[in-house]
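Chemist: There's a structure below that I have some questions on.
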Amino acid sequence: MLKFKTFTGGPYETNCFLVEAPGGNILFDAPEGADEHFAGERIDLLVLTHGHWDHTADAAAIKRRHGCRVLCHADTVPMVSDGDFFERLGFPLRIEPLVPDGLLGEGAGQDLLGLSADVLDVPGHCPGSLCFHFPQHGALVGGDVLFCGGIGRWDLPGGDGELLVRGIREKILKLPGDTVVWPGHGPSTTVAAEARGNPFVRA
């Protein structure tokens, strides 16, 4: 099993996960408070599941402190490289901008510091929303796609509820049932539990 260290921070109680990989430590997402919380840890790579403020607030600070690379989907780049992005959409939210070091897209067996991940592009919560499936470890880092008993909201700019539900059904619920889902908010769950009991995605 993967070794996870979890931190929950910011006003929206956003989860992030520090994962040990053969080539170093990977931090998935960077909510407010993550930089200080993990200051004593080594972070070699920061991966953003998507570009919403609550998942990226400390990204620039973490990159500066650790000198780590930052990877994300191409659709996430405008959200993190433009500090005024959310203000122009009417939200009183600003981030310290950063330029990602590389892009991620859907594909199986992608190498993240020696850790093999199947990257799933599951938009609908927002453009560029990625999930990371680690089949050898029975784990999925899911961002704001699938929650315990819920799914990501789709009423923000770029959201699409039908697209989100279709992506969950076609890409996540077809994973092994015992796959543990580590979501962007709330407790962990399993694919089987959500396929059986999640009212948003049951057929």
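Residues in the structure tokens are named by chain (A, B, ... in the order shown) and by number from 1 within that chain; ligands are numbered from 1 in the order shown.
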For segment 15-21 of chain A, work out the shell of residues within 10 Å, counting only C-alpha atoms and skipping chain neighbours fewer than 4 positions away, then give it as an mmCIF file with C-alpha atoms, in the first residue's frame.

Modeler:
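The resulting file, selection_8.cif, is shown below:
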```cif
data_model
loop_
_atom_site.group_PDB
_atom_site.id
_atom_site.type_symbol
_atom_site.label_atom_id
_atom_site.label_comp_id
_atom_site.auth_asym_id
_atom_site.auth_seq_id
_atom_site.Cartn_x
_atom_site.Cartn_y
_atom_site.Cartn_z
ATOM 1 C CA LEU A 2 1.028 3.583 -0.581
ATOM 2 C CA LYS A 3 2.181 5.546 2.449
ATOM 3 C CA PHE A 4 0.006 8.663 2.750
ATOM 4 C CA LYS A 5 0.308 11.671 5.005
ATOM 5 C CA THR A 6 -2.879 13.707 4.905
ATOM 6 C CA PHE A 7 -3.402 17.376 5.671
ATOM 7 C CA THR A 8 -6.736 19.197 5.627
ATOM 8 C CA GLY A 9 -6.601 22.965 5.406
ATOM 9 C CA GLY A 10 -8.254 26.189 4.380
ATOM 10 C CA ASN A 25 7.852 12.588 -2.123
ATOM 11 C CA ILE A 26 4.834 13.724 -4.120
ATOM 12 C CA LEU A 27 2.311 16.190 -2.727
ATOM 13 C CA PHE A 28 -1.114 16.090 -4.351
ATOM 14 C CA ASP A 29 -2.723 19.546 -4.072
ATOM 15 C CA ALA A 30 -1.777 22.541 -1.964
ATOM 16 C CA PRO A 31 -4.577 23.964 0.198
ATOM 17 C CA ALA A 34 -0.119 23.026 3.504
ATOM 18 C CA PHE A 38 4.805 20.193 5.431
ATOM 19 C CA GLU A 41 9.078 17.356 5.004
ATOM 20 C CA ARG A 42 10.844 16.906 1.693
ATOM 21 C CA ILE A 43 8.594 17.617 -1.300
ATOM 22 C CA ASP A 44 10.068 16.684 -4.671
ATOM 23 C CA LEU A 45 6.962 17.052 -6.836
ATOM 24 C CA LEU A 46 3.679 18.934 -6.468
ATOM 25 C CA VAL A 47 0.782 17.595 -8.536
ATOM 26 C CA LEU A 48 -2.426 19.601 -8.824
ATOM 27 C CA THR A 49 -5.641 17.653 -9.372
ATOM 28 C CA ASP A 54 -8.830 25.883 -2.369
ATOM 29 C CA HIS A 55 -6.504 23.265 -3.918
ATOM 30 C CA LEU A 112 5.600 10.061 -11.184
ATOM 31 C CA LEU A 113 9.005 9.812 -9.487
ATOM 32 C CA GLY A 114 9.081 6.073 -10.121
ATOM 33 C CA LEU A 115 5.449 5.571 -9.121
ATOM 34 C CA SER A 116 3.232 4.289 -11.943
ATOM 35 C CA VAL A 141 -6.301 10.282 -5.576
ATOM 36 C CA GLY A 143 -9.550 15.541 -6.312
ATOM 37 C CA ASP A 144 -13.061 16.982 -6.373
ATOM 38 C CA TRP A 182 -8.827 9.635 -1.427
ATOM 39 C CA PRO A 183 -10.992 12.678 -2.212
ATOM 40 C CA GLY A 184 -10.384 16.405 -2.104
ATOM 41 C CA HIS A 185 -12.884 16.824 0.738
ATOM 42 C CA GLY A 186 -14.185 14.512 3.410
ATOM 43 C CA PRO A 187 -13.269 10.952 4.360
#
```

Chemist: Which residues are near Gly150 of chain A? Cut-off 12 Å, only C-alpha atoms, ignore same chain within fewer than 2 positions. Put them as a list in words.

Modeler: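 What passes the distance filter is Asp144, Val145, Leu146, Phe147, Cys148, Gly152, Arg153, Trp154, Leu164, Val165, Ile168, Pro183, Gly184, His185, Gly186, Pro187, Ser188, Thr189, Ala193, Glu194, Ala195, Gly197, Asn198, Pro199, Phe200, Val201 and Arg202 of chain A.
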
Chemist: So, counting only C-alpha atoms, which residue among A:Gly124, A:Pro97, A:Gly161, A:Gly105 is closest to Phe85 of chain A?

Modeler: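 Using only C-alpha atoms, Phe85 of chain A sits closest to A:Pro97.
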
Chemist: Neighbouring residues of Ala117 of chain A were defined as those with any atom within 9 Å, considering only C-alpha atoms; residues of the same chain fewer than 5 positions away were excluded. Please report them as a PyMOL selection string.

Modeler: chain A and resi 107-112+132-136

Chemist: Taking the chain letters and numbering used in this document, name the residues of segment 15-189 of chain A that DSSP puts in helix (DSSP H, G or I), as a PDB file with C-alpha atoms, in the first residue's frame.

Modeler:
```
ATOM      1  CA  ALA A  34      -0.119  23.026   3.504  1.00  0.00           C
ATOM      2  CA  ASP A  35       3.145  24.929   3.080  1.00  0.00           C
ATOM      3  CA  GLU A  36       3.565  25.432   6.811  1.00  0.00           C
ATOM      4  CA  HIS A  37       2.307  21.952   7.694  1.00  0.00           C
ATOM      5  CA  TRP A  53      -8.319  28.155  -5.354  1.00  0.00           C
ATOM      6  CA  ASP A  54      -8.830  25.883  -2.369  1.00  0.00           C
ATOM      7  CA  HIS A  55      -6.504  23.265  -3.918  1.00  0.00           C
ATOM      8  CA  THR A  56      -3.798  25.656  -5.119  1.00  0.00           C
ATOM      9  CA  ALA A  59       1.240  26.014  -4.473  1.00  0.00           C
ATOM     10  CA  ALA A  60       3.601  28.908  -5.168  1.00  0.00           C
ATOM     11  CA  ALA A  61       4.864  28.936  -1.575  1.00  0.00           C
ATOM     12  CA  ILE A  62       5.544  25.180  -1.663  1.00  0.00           C
ATOM     13  CA  LYS A  63       7.386  25.456  -4.965  1.00  0.00           C
ATOM     14  CA  ARG A  64       9.498  28.292  -3.570  1.00  0.00           C
ATOM     15  CA  ARG A  65      10.316  26.511  -0.289  1.00  0.00           C
ATOM     16  CA  HIS A  66      11.159  23.103  -1.759  1.00  0.00           C
ATOM     17  CA  ALA A  74      -3.203  22.280 -19.460  1.00  0.00           C
ATOM     18  CA  ASP A  75      -6.637  23.661 -18.510  1.00  0.00           C
ATOM     19  CA  THR A  76      -5.355  24.306 -14.986  1.00  0.00           C
ATOM     20  CA  VAL A  77      -2.527  26.587 -16.133  1.00  0.00           C
ATOM     21  CA  PRO A  78      -4.610  29.792 -16.477  1.00  0.00           C
ATOM     22  CA  MET A  79      -6.059  29.301 -13.002  1.00  0.00           C
ATOM     23  CA  VAL A  80      -2.648  29.105 -11.309  1.00  0.00           C
ATOM     24  CA  SER A  81      -0.556  31.394 -13.511  1.00  0.00           C
ATOM     25  CA  PHE A  85      -8.232  34.646 -12.534  1.00  0.00           C
ATOM     26  CA  PHE A  86     -10.930  34.076  -9.921  1.00  0.00           C
ATOM     27  CA  GLU A  87     -11.492  37.755  -9.182  1.00  0.00           C
ATOM     28  CA  ARG A  88     -12.406  38.323 -12.819  1.00  0.00           C
ATOM     29  CA  GLY A 161     -22.941  17.976 -14.058  1.00  0.00           C
ATOM     30  CA  GLU A 162     -23.802  15.536 -16.848  1.00  0.00           C
ATOM     31  CA  LEU A 163     -20.184  15.422 -17.990  1.00  0.00           C
ATOM     32  CA  LEU A 164     -19.013  14.808 -14.425  1.00  0.00           C
ATOM     33  CA  VAL A 165     -21.420  11.948 -13.750  1.00  0.00           C
ATOM     34  CA  ARG A 166     -20.637  10.333 -17.098  1.00  0.00           C
ATOM     35  CA  GLY A 167     -16.911  10.495 -16.408  1.00  0.00           C
ATOM     36  CA  ILE A 168     -17.336   8.946 -12.966  1.00  0.00           C
ATOM     37  CA  ARG A 169     -19.435   6.103 -14.310  1.00  0.00           C
ATOM     38  CA  GLU A 170     -17.209   5.400 -17.298  1.00  0.00           C
ATOM     39  CA  LYS A 171     -13.790   5.839 -15.715  1.00  0.00           C
ATOM     40  CA  ILE A 172     -13.935   5.496 -11.934  1.00  0.00           C
TER      41      ILE A 172
END
```

Chemist: Which residues, written as a PyMOL selection string, have at least one atom at most 9 Å from Pro100 of chain A, with only C-alpha atoms counted and residues fewer than 2 positions away on the same chain left out?

Modeler: chain A and resi 69-72+77+80-81+98+102-103

Chemist: I need the chosen residues saved as an mmCIF file, in the first residue's frame, with C-alpha atoms.

Modeler:
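Generated file (selection04.cif):
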```cif
data_model
loop_
_atom_site.group_PDB
_atom_site.id
_atom_site.type_symbol
_atom_site.label_atom_id
_atom_site.label_comp_id
_atom_site.auth_asym_id
_atom_site.auth_seq_id
_atom_site.Cartn_x
_atom_site.Cartn_y
_atom_site.Cartn_z
ATOM 1 C CA ARG A 69 8.468 20.749 -9.939
ATOM 2 C CA VAL A 70 4.744 21.442 -10.365
ATOM 3 C CA LEU A 71 2.604 19.417 -12.766
ATOM 4 C CA CYS A 72 -1.024 19.919 -13.800
ATOM 5 C CA VAL A 77 -2.527 26.587 -16.133
ATOM 6 C CA VAL A 80 -2.648 29.105 -11.309
ATOM 7 C CA SER A 81 -0.556 31.394 -13.511
ATOM 8 C CA LEU A 98 3.142 30.305 -10.523
ATOM 9 C CA GLY A 102 5.024 20.421 -16.987
ATOM 10 C CA LEU A 103 1.631 19.203 -18.123
#
```

Chemist: Return the single residue from A:Gly158, A:Gly51, A:Pro11, A:Gly83 that is closest to Ser129 of chain A, with distances computed using only C-alpha atoms.

Modeler: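 Closest residue, counting only C-alpha atoms: A:Gly51.
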
Chemist: Atom CA of His52 of chain A and atom CA of Gly128 of chain A, how far apart in Å?

Modeler: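 Separating atom CA of Gly128 of chain A from atom CA of His52 of chain A is a distance of 10.2 Å.
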
Chemist: Write down as a compact mmCIF listing (two decimals) with C-alpha atoms, in the first residue's frame the residues of segment 12-148 of chain A whose backbone DSSP state falls under strand (DSSP E).

Modeler:
```txt
# COMPACT_ATOMS: atom_id res chain seq x y z
CA THR A 14 -9.51 20.71 1.55
CA ASN A 15 -7.48 17.52 1.66
CA CYS A 16 -4.00 17.07 0.30
CA PHE A 17 -1.83 13.96 0.34
CA LEU A 18 1.91 13.48 0.67
CA VAL A 19 2.86 10.19 -0.97
CA GLU A 20 6.17 8.35 -0.79
CA ALA A 21 7.41 7.38 -4.25
CA GLY A 24 10.99 11.14 -3.67
CA ASN A 25 7.85 12.59 -2.12
CA ILE A 26 4.83 13.72 -4.12
CA LEU A 27 2.31 16.19 -2.73
CA PHE A 28 -1.11 16.09 -4.35
CA LEU A 45 6.96 17.05 -6.84
CA LEU A 46 3.68 18.93 -6.47
CA VAL A 47 0.78 17.60 -8.54
CA ARG A 69 8.47 20.75 -9.94
CA VAL A 70 4.74 21.44 -10.36
CA LEU A 71 2.60 19.42 -12.77
CA CYS A 72 -1.02 19.92 -13.80
CA GLY A 102 5.02 20.42 -16.99
CA LEU A 103 1.63 19.20 -18.12
CA GLY A 107 -2.91 8.01 -20.01
CA ALA A 108 -1.95 4.74 -18.37
CA GLY A 109 1.33 3.96 -16.68
CA GLN A 110 2.65 7.49 -16.29
CA ASP A 111 5.83 7.82 -14.24
CA LEU A 112 5.60 10.06 -11.18
CA LEU A 115 5.45 5.57 -9.12
CA SER A 116 3.23 4.29 -11.94
CA ALA A 117 -0.09 6.13 -12.21
CA ASP A 118 -3.01 5.83 -14.59
CA VAL A 119 -4.10 9.42 -15.08
CA LEU A 120 -7.83 9.91 -15.68
CA ASP A 121 -9.20 13.13 -17.16
CA LEU A 130 -7.54 14.82 -13.02
CA CYS A 131 -7.68 11.64 -10.95
CA PHE A 132 -4.64 9.46 -10.28
CA HIS A 133 -5.15 5.70 -10.09
CA PHE A 134 -2.38 3.56 -8.64
CA ALA A 139 -5.68 3.66 -4.51
CA LEU A 140 -7.14 6.65 -6.34
CA VAL A 141 -6.30 10.28 -5.58
CA GLY A 142 -9.52 11.77 -6.82
CA GLY A 143 -9.55 15.54 -6.31
CA LEU A 146 -16.05 11.60 -6.34
CA PHE A 147 -16.68 11.94 -2.61
```

Chemist: With distances taken over only C-alpha atoms, which of A:Leu93, A:His137, A:Asp160, A:Asp84 is nearest to Val180 of chain A?

Modeler: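 Ranking A:Leu93, A:His137, A:Asp160, A:Asp84 by distance to Val180 of chain A, first place goes to A:His137.
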
Chemist: Using only C-alpha atoms, which of A:Cys126, A:Ile95, A:Cys68, A:Val191 sits nearest Pro157 of chain A?

Modeler: A:Cys126
